[in-house]
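Asker: Take a look at data21.cif, mmCIF, C-alpha atoms (C1' of nucleotides):
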```
data_coords
#
loop_
_atom_site.label_atom_id
_atom_site.label_comp_id
_atom_site.auth_asym_id
_atom_site.auth_seq_id
_atom_site.Cartn_x
_atom_site.Cartn_y
_atom_site.Cartn_z
CA MET A 8 -2.78 92.51 29.61
CA SER A 9 -3.87 92.70 26.02
CA THR A 10 -6.58 90.12 25.89
CA ASN A 11 -8.68 88.16 28.12
CA ALA A 12 -6.06 86.98 30.59
CA TYR A 13 -7.49 86.51 34.01
CA PRO A 14 -7.18 89.53 36.33
CA ARG A 15 -4.58 89.37 39.12
CA THR A 16 -6.16 91.57 41.74
CA LYS A 17 -9.50 91.71 43.51
CA ARG A 18 -10.29 94.98 41.85
CA GLY A 19 -9.57 93.45 38.48
CA VAL A 20 -11.85 90.51 39.10
CA ALA A 21 -14.65 92.83 40.15
CA ARG A 22 -14.20 95.14 37.15
CA ARG A 23 -14.22 92.29 34.73
CA GLU A 24 -17.43 91.01 36.23
CA GLN A 25 -18.98 94.49 36.14
CA ILE A 26 -18.23 94.76 32.47
CA LEU A 27 -19.51 91.29 31.73
CA ARG A 28 -22.81 92.03 33.45
CA ALA A 29 -23.12 95.35 31.68
CA ALA A 30 -22.48 93.61 28.38
CA GLU A 31 -25.17 91.06 29.17
CA ALA A 32 -27.63 93.86 29.89
CA MET A 33 -26.77 96.05 26.92
CA ILE A 34 -26.38 93.36 24.29
CA GLY A 35 -29.40 91.52 25.64
CA ALA A 36 -31.52 94.64 25.42
CA GLN A 37 -30.31 96.23 22.19
CA GLY A 38 -28.72 93.37 20.32
CA PHE A 39 -25.11 92.85 19.35
CA SER A 40 -24.63 95.55 16.78
CA ALA A 41 -26.78 98.20 18.38
CA ALA A 42 -24.97 97.87 21.70
CA SER A 43 -21.75 99.87 21.53
CA ILE A 44 -18.70 99.40 23.68
CA ALA A 45 -19.40 102.89 24.95
CA ASP A 46 -22.87 101.79 26.06
CA ILE A 47 -21.37 98.86 27.87
CA THR A 48 -18.69 100.79 29.70
CA ARG A 49 -21.08 103.60 30.54
CA HIS A 50 -23.46 101.10 32.07
CA ALA A 51 -20.55 99.50 33.91
CA LYS A 52 -19.39 102.89 35.15
CA THR A 53 -15.89 102.56 33.78
CA ALA A 54 -13.88 104.25 31.10
CA LEU A 55 -14.13 103.13 27.52
CA GLY A 56 -10.58 101.87 27.35
CA THR A 57 -11.02 99.67 30.39
CA PHE A 58 -13.08 97.33 28.31
CA TYR A 59 -10.02 96.37 26.31
CA ILE A 60 -8.07 95.47 29.38
CA TYR A 61 -10.36 92.54 29.94
CA PHE A 62 -11.67 91.63 26.53
CA SER A 63 -10.12 91.64 23.11
CA GLY A 64 -13.24 93.00 21.48
CA LYS A 65 -17.00 92.89 21.30
CA GLU A 66 -17.15 89.37 19.92
CA ASP A 67 -14.96 88.24 22.77
CA VAL A 68 -17.39 89.29 25.53
CA PHE A 69 -20.16 87.93 23.45
CA ARG A 70 -18.55 84.53 23.20
CA GLU A 71 -17.99 84.50 26.91
CA LEU A 72 -21.64 85.24 27.56
CA VAL A 73 -22.66 82.37 25.33
CA LEU A 74 -20.35 80.06 27.22
CA GLU A 75 -21.78 81.26 30.47
CA MET A 76 -25.31 80.64 29.30
CA GLY A 77 -24.32 77.11 28.33
CA GLN A 78 -23.01 76.33 31.77
CA LEU A 79 -25.95 77.95 33.53
CA THR A 80 -28.60 76.24 31.48
CA ARG A 81 -27.04 72.86 32.01
CA ALA A 82 -26.70 73.46 35.72
CA VAL A 83 -30.24 74.71 36.13
CA ILE A 84 -31.81 71.88 34.19
CA THR A 85 -29.64 69.17 35.67
CA LYS A 86 -30.60 70.33 39.10
CA ALA A 87 -34.30 70.60 38.28
CA VAL A 88 -34.38 67.17 36.75
CA ALA A 89 -32.42 65.46 39.49
CA GLY A 90 -35.31 64.46 41.70
CA ALA A 91 -37.65 63.27 38.95
CA PRO A 92 -38.98 59.73 39.46
CA ASN A 93 -38.90 58.94 35.75
CA ARG A 94 -38.06 60.37 32.35
CA LEU A 95 -41.45 61.84 31.66
CA GLU A 96 -41.49 63.75 34.92
CA ALA A 97 -37.97 64.84 34.12
CA GLU A 98 -39.25 66.31 30.88
CA ARG A 99 -41.88 68.30 32.69
CA ALA A 100 -39.46 69.54 35.30
CA GLY A 101 -36.85 70.39 32.68
CA LEU A 102 -39.27 72.40 30.59
CA LYS A 103 -40.52 74.31 33.57
CA ALA A 104 -37.02 75.02 34.84
CA PHE A 105 -35.99 76.27 31.43
CA LEU A 106 -38.88 78.70 31.18
CA GLN A 107 -38.23 79.88 34.71
CA PHE A 108 -34.63 80.50 33.76
CA VAL A 109 -35.69 82.57 30.77
CA ILE A 110 -37.79 84.67 33.12
CA GLU A 111 -34.77 85.29 35.31
CA ARG A 112 -32.18 85.89 32.63
CA PRO A 113 -33.95 87.07 29.48
CA SER A 114 -30.80 88.79 28.26
CA LEU A 115 -28.78 85.63 28.27
CA TYR A 116 -31.50 83.88 26.34
CA ARG A 117 -31.51 86.54 23.62
CA ILE A 118 -27.76 86.48 23.44
CA VAL A 119 -27.61 82.78 22.82
CA GLU A 120 -30.14 83.07 20.05
CA GLU A 121 -28.29 85.94 18.46
CA ALA A 122 -25.11 83.89 18.59
CA ARG A 123 -26.36 82.05 15.55
CA PHE A 124 -25.57 85.19 13.59
CA ILE A 125 -22.56 86.51 15.44
CA ASP A 126 -20.61 83.44 16.38
CA ALA A 127 -22.16 80.50 14.61
CA ASP A 128 -19.58 78.08 15.95
CA ALA A 129 -20.29 78.91 19.57
CA TYR A 130 -23.97 78.58 18.87
CA LYS A 131 -23.63 75.22 17.20
CA ALA A 132 -21.32 73.97 19.90
CA TYR A 133 -23.77 75.01 22.58
CA PHE A 134 -26.73 73.24 21.03
CA THR A 135 -25.09 70.15 19.66
CA SER A 136 -23.41 69.44 22.94
CA PHE A 137 -26.67 69.97 24.76
CA ALA A 138 -28.51 67.80 22.26
CA ARG A 139 -26.00 64.99 22.58
CA ALA A 140 -26.47 64.75 26.32
CA TYR A 141 -30.21 65.10 25.98
CA ALA A 142 -30.44 62.36 23.37
CA ALA A 143 -28.39 60.04 25.55
CA GLN A 144 -30.88 60.46 28.36
CA LEU A 145 -33.81 59.82 26.06
CA SER A 146 -32.14 56.82 24.56
CA GLU A 147 -31.45 55.32 27.94
CA ALA A 148 -35.01 55.94 29.07
CA ALA A 149 -36.36 54.27 25.94
CA ALA A 150 -34.14 51.25 26.54
CA ALA A 151 -35.50 51.06 30.09
CA GLY A 152 -39.02 51.01 28.70
CA GLU A 153 -39.91 54.42 30.06
CA LEU A 154 -40.52 55.80 26.58
CA ARG A 155 -41.80 54.34 23.37
CA PRO A 156 -38.88 53.41 21.11
CA GLY A 157 -37.87 56.08 18.62
CA ASP A 158 -35.00 58.17 17.29
CA ALA A 159 -33.58 59.86 20.36
CA GLU A 160 -31.69 62.50 18.42
CA VAL A 161 -34.68 63.75 16.44
CA ARG A 162 -36.68 63.73 19.66
CA ALA A 163 -34.07 65.73 21.49
CA TRP A 164 -34.05 68.43 18.81
CA ALA A 165 -37.82 68.52 18.62
CA LEU A 166 -38.10 68.93 22.38
CA MET A 167 -35.46 71.64 22.41
CA GLY A 168 -37.40 73.38 19.70
CA ILE A 169 -40.53 73.35 21.79
CA ALA A 170 -38.76 74.80 24.79
CA LYS A 171 -37.00 77.52 22.82
CA THR A 172 -40.09 78.64 21.05
CA LEU A 173 -42.33 78.63 24.10
CA GLY A 174 -39.68 80.59 25.95
CA GLU A 175 -39.65 83.21 23.27
CA ARG A 176 -43.40 83.47 22.91
CA TYR A 177 -44.56 83.18 26.49
CA VAL A 178 -41.69 84.71 28.38
CA LEU A 179 -39.87 87.22 26.21
CA TRP A 180 -42.81 88.53 24.24
CA ASP A 181 -45.57 88.27 26.69
CA ASP A 182 -44.60 87.66 30.23
CA THR A 183 -47.50 85.34 30.95
CA SER A 184 -48.17 85.13 34.64
CA ASP A 185 -49.35 81.63 34.01
CA ILE A 186 -46.27 79.75 32.96
CA ASP A 187 -47.65 76.66 34.61
CA HIS A 188 -50.51 76.52 32.18
CA VAL A 189 -48.09 76.63 29.26
CA VAL A 190 -45.95 73.94 30.83
CA ASP A 191 -48.97 71.72 31.48
CA GLU A 192 -50.36 72.02 28.01
CA ALA A 193 -47.05 71.46 26.29
CA PHE A 194 -46.19 68.64 28.62
CA SER A 195 -49.40 66.77 28.06
CA MET A 196 -48.61 66.74 24.37
CA ILE A 197 -45.07 65.60 25.03
CA ARG A 198 -46.18 62.95 27.49
CA ASP A 199 -48.61 61.37 25.10
CA GLY A 200 -46.10 61.70 22.31
CA LEU A 201 -43.45 59.76 24.17
CA ALA A 202 -45.13 57.52 26.74
CA PRO A 203 -44.92 53.77 26.08
CA MET B 7 -38.13 107.85 -7.09
CA SER B 8 -36.71 108.16 -3.63
CA THR B 9 -38.03 105.11 -1.91
CA ASN B 10 -39.64 101.92 -2.72
CA ALA B 11 -42.23 103.12 -5.22
CA TYR B 12 -43.01 100.52 -7.78
CA PRO B 13 -41.00 100.73 -11.02
CA ARG B 14 -42.76 102.05 -14.12
CA THR B 15 -40.90 100.21 -16.85
CA LYS B 16 -40.07 96.60 -17.63
CA ARG B 17 -36.43 97.30 -17.10
CA GLY B 18 -37.20 98.76 -13.70
CA VAL B 19 -39.20 95.75 -12.63
CA ALA B 20 -36.41 93.44 -13.68
CA ARG B 21 -33.71 95.48 -11.92
CA ARG B 22 -35.66 95.59 -8.71
CA GLU B 23 -36.09 91.86 -8.80
CA GLN B 24 -32.38 91.34 -9.56
CA ILE B 25 -31.46 93.39 -6.54
CA LEU B 26 -33.96 91.63 -4.33
CA ARG B 27 -32.59 88.22 -5.28
CA ALA B 28 -29.03 89.41 -4.77
CA ALA B 29 -29.99 90.73 -1.35
CA GLU B 30 -31.53 87.39 -0.48
CA ALA B 31 -28.36 85.60 -1.47
CA MET B 32 -25.91 87.96 0.21
CA ILE B 33 -27.81 88.59 3.43
CA GLY B 34 -28.76 84.96 3.64
CA ALA B 35 -25.16 83.87 3.29
CA GLN B 36 -23.33 86.50 5.32
CA GLY B 37 -25.96 87.90 7.61
CA PHE B 38 -27.45 91.37 7.71
CA SER B 39 -24.54 93.41 8.95
CA ALA B 40 -21.80 91.56 7.14
CA ALA B 41 -23.57 91.91 3.80
CA SER B 42 -22.85 95.37 2.41
CA ILE B 43 -24.89 97.23 -0.16
CA ALA B 44 -21.81 97.03 -2.34
CA ASP B 45 -21.87 93.23 -2.07
CA ILE B 46 -25.50 93.20 -3.04
CA THR B 47 -25.16 95.45 -6.06
CA ARG B 48 -21.99 93.70 -7.19
CA HIS B 49 -23.83 90.39 -7.07
CA ALA B 50 -26.76 91.97 -8.90
CA LYS B 51 -24.38 93.41 -11.53
CA THR B 52 -25.58 96.96 -11.07
CA ALA B 53 -24.06 100.16 -9.78
CA LEU B 54 -24.11 100.93 -6.09
CA GLY B 55 -26.42 103.87 -6.40
CA THR B 56 -29.02 101.85 -8.27
CA PHE B 57 -29.90 100.14 -5.03
CA TYR B 58 -31.31 103.39 -3.67
CA ILE B 59 -33.58 103.84 -6.63
CA TYR B 60 -35.58 100.86 -5.50
CA PHE B 61 -35.05 100.66 -1.77
CA SER B 62 -34.71 103.26 0.91
CA GLY B 63 -31.98 101.35 2.71
CA LYS B 64 -30.74 98.00 3.86
CA GLU B 65 -33.51 97.50 6.39
CA ASP B 66 -36.01 98.17 3.68
CA VAL B 67 -34.92 95.28 1.44
CA PHE B 68 -34.65 93.15 4.51
CA ARG B 69 -38.21 93.85 5.53
CA GLU B 70 -39.39 93.05 2.04
CA LEU B 71 -37.61 89.71 2.12
CA VAL B 72 -39.27 88.86 5.42
CA LEU B 73 -42.66 89.71 3.95
CA GLU B 74 -41.89 87.58 0.95
CA MET B 75 -40.95 84.66 3.15
CA GLY B 76 -44.22 85.03 4.98
CA GLN B 77 -46.26 84.82 1.81
CA LEU B 78 -44.22 81.95 0.41
CA THR B 79 -44.34 79.83 3.54
CA ARG B 80 -48.06 80.24 3.83
CA ALA B 81 -48.57 79.40 0.18
CA VAL B 82 -46.32 76.35 0.28
CA ILE B 83 -47.86 74.92 3.42
CA THR B 84 -51.42 75.69 2.48
CA LYS B 85 -50.91 73.90 -0.79
CA ALA B 86 -49.18 70.92 0.81
CA VAL B 87 -51.88 70.53 3.41
CA ALA B 88 -54.79 70.94 1.03
CA GLY B 89 -55.28 67.32 0.12
CA ALA B 90 -54.84 65.86 3.59
CA PRO B 91 -57.70 63.62 4.71
CA ASN B 92 -57.52 64.80 8.31
CA ARG B 93 -55.65 67.10 10.65
CA LEU B 94 -52.97 64.63 11.65
CA GLU B 95 -52.08 63.91 8.05
CA ALA B 96 -52.07 67.65 7.51
CA GLU B 97 -49.49 67.98 10.25
CA ARG B 98 -47.25 65.45 8.59
CA ALA B 99 -47.63 67.04 5.19
CA GLY B 100 -47.07 70.53 6.57
CA LEU B 101 -43.90 69.56 8.39
CA LYS B 102 -42.51 67.85 5.34
CA ALA B 103 -43.39 70.75 3.07
CA PHE B 104 -41.74 73.18 5.44
CA LEU B 105 -38.49 71.23 5.55
CA GLN B 106 -38.54 70.90 1.80
CA PHE B 107 -38.98 74.64 1.52
CA VAL B 108 -35.99 75.23 3.76
CA ILE B 109 -33.97 73.01 1.44
CA GLU B 110 -35.01 75.12 -1.51
CA ARG B 111 -34.66 78.58 0.03
CA PRO B 112 -32.20 78.35 2.91
CA SER B 113 -31.41 82.06 2.62
CA LEU B 114 -34.98 83.11 3.21
CA TYR B 115 -35.11 80.89 6.26
CA ARG B 116 -32.04 82.50 7.76
CA ILE B 117 -33.32 85.94 6.97
CA VAL B 118 -36.57 85.39 8.80
CA GLU B 119 -34.72 84.14 11.84
CA GLU B 120 -32.35 87.08 11.79
CA ALA B 121 -35.35 89.40 11.57
CA ARG B 122 -35.80 88.88 15.27
CA PHE B 123 -32.75 91.04 15.75
CA ILE B 124 -33.04 93.43 12.84
CA ASP B 125 -36.73 94.12 12.60
CA ALA B 126 -38.41 92.62 15.60
CA ASP B 127 -41.83 93.90 14.60
CA ALA B 128 -41.74 92.21 11.22
CA TYR B 129 -40.61 89.02 12.90
CA LYS B 130 -43.33 89.09 15.49
CA ALA B 131 -45.95 89.93 12.92
CA TYR B 132 -44.83 87.04 10.78
CA PHE B 133 -45.04 84.47 13.52
CA THR B 134 -48.05 85.67 15.42
CA SER B 135 -50.09 85.86 12.28
CA PHE B 136 -48.96 82.42 11.29
CA ALA B 137 -49.65 81.08 14.75
CA ARG B 138 -53.12 82.55 14.82
CA ALA B 139 -54.13 80.76 11.64
CA TYR B 140 -52.45 77.58 12.78
CA ALA B 141 -54.17 77.62 16.15
CA ALA B 142 -57.53 78.15 14.47
CA GLN B 143 -57.01 75.01 12.43
CA LEU B 144 -56.01 73.00 15.46
CA SER B 145 -58.91 74.32 17.44
CA GLU B 146 -61.34 73.38 14.73
CA ALA B 147 -59.88 69.92 14.42
CA ALA B 148 -60.14 69.37 18.14
CA ALA B 149 -63.77 70.46 18.09
CA ALA B 150 -64.38 67.95 15.32
CA GLY B 151 -62.89 65.22 17.47
CA GLU B 152 -59.82 64.79 15.28
CA LEU B 153 -57.49 65.78 18.09
CA ARG B 154 -57.54 65.38 21.82
CA PRO B 155 -58.82 68.58 23.45
CA GLY B 156 -56.13 71.01 24.49
CA ASP B 157 -54.88 74.59 24.26
CA ALA B 158 -54.60 75.22 20.53
CA GLU B 159 -52.37 78.24 20.89
CA VAL B 160 -49.73 76.53 22.98
CA ARG B 161 -49.87 73.60 20.61
CA ALA B 162 -49.41 75.82 17.60
CA TRP B 163 -46.31 77.42 19.06
CA ALA B 164 -44.89 74.10 20.16
CA LEU B 165 -45.37 72.64 16.70
CA MET B 166 -43.84 75.68 15.05
CA GLY B 167 -40.91 75.29 17.39
CA ILE B 168 -40.39 71.72 16.31
CA ALA B 169 -40.46 72.63 12.64
CA LYS B 170 -38.09 75.58 13.02
CA THR B 171 -35.56 73.66 15.02
CA LEU B 172 -35.58 70.56 12.84
CA GLY B 173 -35.18 72.81 9.82
CA GLU B 174 -32.15 74.41 11.29
CA ARG B 175 -30.55 71.21 12.49
CA TYR B 176 -31.31 68.82 9.66
CA VAL B 177 -31.39 71.15 6.69
CA LEU B 178 -29.20 74.16 7.31
CA TRP B 179 -26.51 72.51 9.37
CA ASP B 180 -26.44 69.07 7.96
CA ASP B 181 -28.20 68.56 4.73
CA THR B 182 -29.48 65.14 5.64
CA SER B 183 -30.39 63.20 2.56
CA ASP B 184 -33.01 61.49 4.65
CA ILE B 185 -35.48 64.20 5.47
CA ASP B 186 -38.22 61.61 5.40
CA HIS B 187 -36.75 59.84 8.38
CA VAL B 188 -36.74 63.06 10.35
CA VAL B 189 -40.31 63.80 9.34
CA ASP B 190 -41.44 60.30 10.27
CA GLU B 191 -39.82 60.33 13.67
CA ALA B 192 -41.03 63.78 14.57
CA PHE B 193 -44.45 63.07 13.23
CA SER B 194 -44.91 59.89 15.20
CA MET B 195 -44.28 61.89 18.34
CA ILE B 196 -46.68 64.60 17.24
CA ARG B 197 -49.33 62.10 16.22
CA ASP B 198 -49.33 60.32 19.56
CA GLY B 199 -49.16 63.64 21.31
CA LEU B 200 -52.30 64.92 19.63
CA ALA B 201 -54.41 61.95 18.54
CA PRO B 202 -57.70 61.49 20.37
"C1'" DT C 1 7.62 102.15 52.71
"C1'" DT C 2 8.51 101.41 48.28
"C1'" DG C 3 8.76 100.02 43.52
"C1'" DA C 4 7.03 97.43 39.86
"C1'" DA C 5 3.13 95.34 37.89
"C1'" DA C 6 -1.56 95.79 37.31
"C1'" DC C 7 -5.17 98.56 36.30
"C1'" DA C 8 -7.84 103.02 34.70
"C1'" DT C 9 -8.65 106.81 31.71
"C1'" DG C 10 -10.75 109.11 27.49
"C1'" DA C 11 -9.22 111.87 23.66
"C1'" DA C 12 -7.38 110.76 19.29
"C1'" DT C 13 -7.13 107.47 15.53
"C1'" DC C 14 -8.75 104.39 12.14
"C1'" DA C 15 -11.70 101.77 9.27
"C1'" DG C 16 -15.60 100.49 7.01
"C1'" DT C 17 -19.62 101.33 4.67
"C1'" DA C 18 -24.22 103.56 4.15
"C1'" DT C 19 -26.03 107.21 1.62
"C1'" DT C 20 -26.02 111.19 -1.55
"C1'" DC C 21 -25.66 113.53 -5.80
"C1'" DA C 22 -24.25 115.53 -10.15
"C1'" DT C 23 -23.95 113.69 -14.47
"C1'" DG C 24 -25.23 110.59 -18.06
"C1'" DT C 25 -28.31 107.03 -20.59
"C1'" DT C 26 -32.59 104.60 -21.87
"C1'" DG C 27 -37.64 103.87 -22.36
"C1'" DA C 28 -41.94 104.84 -24.26
"C1'" DA C 29 -45.52 108.08 -25.21
"C1'" DT C 30 -46.63 111.63 -28.65
"C1'" DA D 6 -38.10 111.93 -34.43
"C1'" DT D 7 -38.62 114.18 -30.26
"C1'" DT D 8 -38.92 114.77 -25.55
"C1'" DC D 9 -39.32 114.06 -20.80
"C1'" DA D 10 -39.67 110.99 -17.10
"C1'" DA D 11 -37.55 107.03 -15.53
"C1'" DC D 12 -33.55 104.83 -14.69
"C1'" DA D 13 -28.20 104.04 -14.12
"C1'" DT D 14 -23.71 105.30 -12.60
"C1'" DG D 15 -19.85 105.43 -9.10
"C1'" DA D 16 -16.89 108.89 -6.99
"C1'" DA D 17 -17.35 111.79 -3.12
"C1'" DT D 18 -19.37 112.57 1.35
"C1'" DA D 19 -20.68 111.64 5.98
"C1'" DC D 20 -21.08 109.15 9.85
"C1'" DT D 21 -20.66 105.77 13.26
"C1'" DG D 22 -18.38 103.37 16.39
"C1'" DA D 23 -14.39 100.08 17.30
"C1'" DT D 24 -9.76 100.15 18.84
"C1'" DT D 25 -5.37 102.29 20.35
"C1'" DC D 26 -2.26 104.63 23.30
"C1'" DA D 27 0.16 107.95 26.11
"C1'" DT D 28 -0.52 109.32 30.57
"C1'" DG D 29 -1.95 108.67 35.25
"C1'" DT D 30 -3.46 105.90 39.55
"C1'" DT D 31 -3.88 101.82 42.53
"C1'" DT D 32 -2.60 97.41 44.34
"C1'" DC D 33 0.34 94.43 46.77
"C1'" DA D 34 4.38 91.77 47.65
"C1'" DA D 35 8.77 92.27 49.69
#
```
Once more with this new file: its structure as structure tokens, please.

Answerer:
Amino acid sequence: MSTNAYPRTKRGVARREQILRAAEAMIGAQGFSAASIADITRHAKTALGTFYIYFSGKEDVFRELVLEMGQLTRAVITKAVAGAPNRLEAERAGLKAFLQFVIERPSLYRIVEEARFIDADAYKAYFTSFARAYAAQLSEAAAAGELRPGDAEVRAWALMGIAKTLGERYVLWDDTSDIDHVVDEAFSMIRDGLAP
Amino acid sequence: MSTNAYPRTKRGVARREQILRAAEAMIGAQGFSAASIADITRHAKTALGTFYIYFSGKEDVFRELVLEMGQLTRAVITKAVAGAPNRLEAERAGLKAFLQFVIERPSLYRIVEEARFIDADAYKAYFTSFARAYAAQLSEAAAAGELRPGDAEVRAWALMGIAKTLGERYVLWDDTSDIDHVVDEAFSMIRDGLAP
DNA sequence: TTGAAACATGAATCAGTATTCATGTTGAAT
DNA sequence: ATTCAACATGAATACTGATTCATGTTTCAA
């Protein structure tokens, strides 16, 4: 197996996962270039060469982690938003769920942001695809009279910007115990900014 | 001169500036690790070793560029905001000026964002100092009844997040001819979100 | 139970580039 | 005009860390 083919045995599946998690931890903590393959395999308790059985190189694991983050974020937010009675409550729930997710997986968050500089295409793909879906929701809600009319795409990017930045400031930098306060304050601005 | 002391002759001043501009262009275009010192000096039309007369290493130029960006952004926004009749108009003017600045110096924008991963302290310093001043303005405006009451710090970070993200999306990725549309749409959301 | 495919190992390569340094050249003060 | 500090040069050095590979070990289907 030279690159990235899926493992054929239980052991293989487990090893691959071990390495992936170690890569998340190391790259998340030290950044892409500072984290060496040796760091990753050491942390995964495997030999150096084993890495190359499962991944074709450092960028390859990295890309996979970005993909993973994409799927997770979507899943988490979709689930959090599911029960909301209307679009505005969905915004609140989505923001809160996102920040909560950053608390749980800070490494993945950092990795996605670093992707801009390591694998710009993966980064763009992640955010544009997210934005497209987001804008569709906003657009629909505006049509239903739940939001004031306005450019759904610009709104989607602005709202993503708020979430990203608050996540960085209030979770990564300074693990505020009071995430709810941040959510409330930001949401009240968003609510009044969008409500009909 | 082993590191970073200021040049003593006209020629020295000019060379240093040449190299700084070349570093901005190369690092901005290719990213910190992909841009080699050789790239930078080639672009600056000087010998490799000359670089080390003026800078102690790659991180050193990088840090200086981040500093420069800090001063420039402040200056540009302060100036743009100066004539605004009230805080809300200041927000509009500031957002527009920021996006315009990204159009003019895309490399500096990228460099500051990459600083998060290369020189986290410089990055933090840049944004927290900016946020502090921003929050003070918002706080003052709220006290004067120009804005609805609310947590000025959270607002400052949220607004910075909007600006950063719109800059990335609508300037770096897709040089929209119609920046004014983006500003208008984002601003109408901000206005309603903050107006008393 | 056995044999072949899958997986594991880590020392040895290989590549790229940051940094140094010994040797010139230029600037400007006297 | 002279002189010394400042500046310029780029080949040589030094280092880091990614990737390979020859040699075992384990899994599992038959």

Asker: Could you produce a table of the residues of chain A lying within 7 Å of chain B, with the nearest pair of atoms per residue and their separation in Å rounded to one decimal, using all atoms listed in the file, ordered by chain and increasing residue number, as a Markdown table?

Answerer:
```
| residue | atom | partner | partner_atom | distance |
| --- | --- | --- | --- | --- |
| A:Gly38 | CA | B:Phe123 | CA | 6.5 |
| A:Phe124 | CA | B:Gly37 | CA | 6.6 |
| A:Gly157 | CA | B:Glu191 | CA | 6.8 |
| A:Asp158 | CA | B:Glu191 | CA | 6.4 |
| A:Val161 | CA | B:Val188 | CA | 6.5 |
| A:Arg162 | CA | B:Ala192 | CA | 6.7 |
| A:Trp164 | CA | B:Leu172 | CA | 6.5 |
| A:Ala165 | CA | B:Ile168 | CA | 4.7 |
| A:Gly168 | CA | B:Gly167 | CA | 4.6 |
| A:Ile169 | CA | B:Ala164 | CA | 4.7 |
| A:Thr172 | CA | B:Gly167 | CA | 5.0 |
| A:Leu173 | CA | B:Ala164 | CA | 6.5 |
| A:Val189 | CA | B:Val160 | CA | 6.5 |
| A:Glu192 | CA | B:Asp157 | CA | 6.4 |
| A:Ala193 | CA | B:Val160 | CA | 6.6 |
| A:Met196 | CA | B:Gly199 | CA | 4.4 |
| A:Ile197 | CA | B:Gly199 | CA | 5.9 |
| A:Arg198 | CA | B:Gly199 | CA | 6.9 |
| A:Asp199 | CA | B:Gly199 | CA | 4.5 |
| A:Gly200 | CA | B:Gly199 | CA | 3.8 |
| A:Leu201 | CA | B:Met195 | CA | 6.3 |
```

Asker: Which chain D residues have any atom within 12 Å of an atom of stretch 27-30 of chain C, and for each, what is the nearest pair of atoms with distance in Å to one decimal, counting only C-alpha atoms (C1' of nucleotides), rows sorted by chain and number, as a tab-separated table?

Answerer:
```
residue	atom	partner	partner_atom	distance
D:DA6	C1'	C:DT30	C1'	10.3
D:DT7	C1'	C:DT30	C1'	8.6
D:DT8	C1'	C:DT30	C1'	8.9
D:DC9	C1'	C:DA29	C1'	9.7
D:DA10	C1'	C:DG27	C1'	9.1
D:DA11	C1'	C:DG27	C1'	7.5
D:DC12	C1'	C:DG27	C1'	8.7
```

Asker: Each residue of chain A with at least one atom at most 8 Å from chain C should appear once, together with its nearest atom pair and the corresponding distance in Å (one decimal); atoms considered: only C-alpha atoms (C1' of nucleotides); ordering: chain, then increasing residue number; output as a tab-separated table.

Answerer:
```
residue	atom	partner	partner_atom	distance
A:Arg15	CA	C:DA6	C1'	7.3
A:Thr16	CA	C:DA6	C1'	7.7
A:Gly19	CA	C:DC7	C1'	7.1
A:Ala54	CA	C:DT9	C1'	5.9
A:Leu55	CA	C:DG10	C1'	6.9
A:Gly56	CA	C:DT9	C1'	6.9
A:Thr57	CA	C:DA8	C1'	6.3
```

Asker: Apply the PyMOL selection byres ((chain D) within 12 of (chain A)) to the file shown and report the selected residues as an MDAnalysis selection string.

Answerer: chainID D and resid 21:26 31:33

Asker: Can you write out the residues you just picked, keeping C-alpha atoms (C1' of nucleotides), as a short mmCIF file (atom, residue, chain, number, x, y, z; two decimals), keeping the file's coordinate frame?

Answerer:
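out06.cif was written with the following content:
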```
data_model
loop_
_atom_site.label_atom_id
_atom_site.label_comp_id
_atom_site.auth_asym_id
_atom_site.auth_seq_id
_atom_site.Cartn_x
_atom_site.Cartn_y
_atom_site.Cartn_z
"C1'" DT D 21 -20.66 105.77 13.26
"C1'" DG D 22 -18.38 103.37 16.39
"C1'" DA D 23 -14.39 100.08 17.30
"C1'" DT D 24 -9.76 100.15 18.84
"C1'" DT D 25 -5.37 102.29 20.35
"C1'" DC D 26 -2.26 104.63 23.30
"C1'" DT D 31 -3.88 101.82 42.53
"C1'" DT D 32 -2.60 97.41 44.34
"C1'" DC D 33 0.34 94.43 46.77
#
```

Asker: Just to confirm, what's the straight-line distance from atom CA of A:Ile118 to atom CA of A:Ile34 in Å (one decimal)?

Answerer: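 It comes out at 7.1 Å.
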
Asker: Carefully work through the PyMOL selection byres ((chain B and resi 100) around 12) for this structure and note down the residues it includes, as JSON, numbers by chain.

Answerer: {"B": [79, 80, 81, 82, 83, 84, 85, 86, 87, 88, 89, 90, 93, 94, 95, 96, 97, 98, 99, 101, 102, 103, 104, 105, 106, 107, 140, 165, 166, 168, 169, 189, 193]}

Asker: Which value, in Å to one decimal, gives the distance between atom CA of A:Leu115 and atom CA of A:Glu75?

Answerer: 8.5 Å

Asker: Please, what distance in Å, to one decimal, runs between atom CA of A:Leu154 and atom CA of A:Pro203?

Answerer: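 Result for atom CA of A:Leu154 versus atom CA of A:Pro203: 4.9 Å, one decimal.
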
Asker: Grab all the atoms of stretch 8-19 of chain D that the file lists, wrap them in a box along x, y and z, add 5 Å per side, and give me centre plus edge lengths in Å (one decimal) as AutoDock Vina command-line options.

Answerer:
```
--center_x -28.3 --center_y 109.4 --center_z -9.8 --size_x 32.8 --size_y 20.7 --size_z 41.5
```
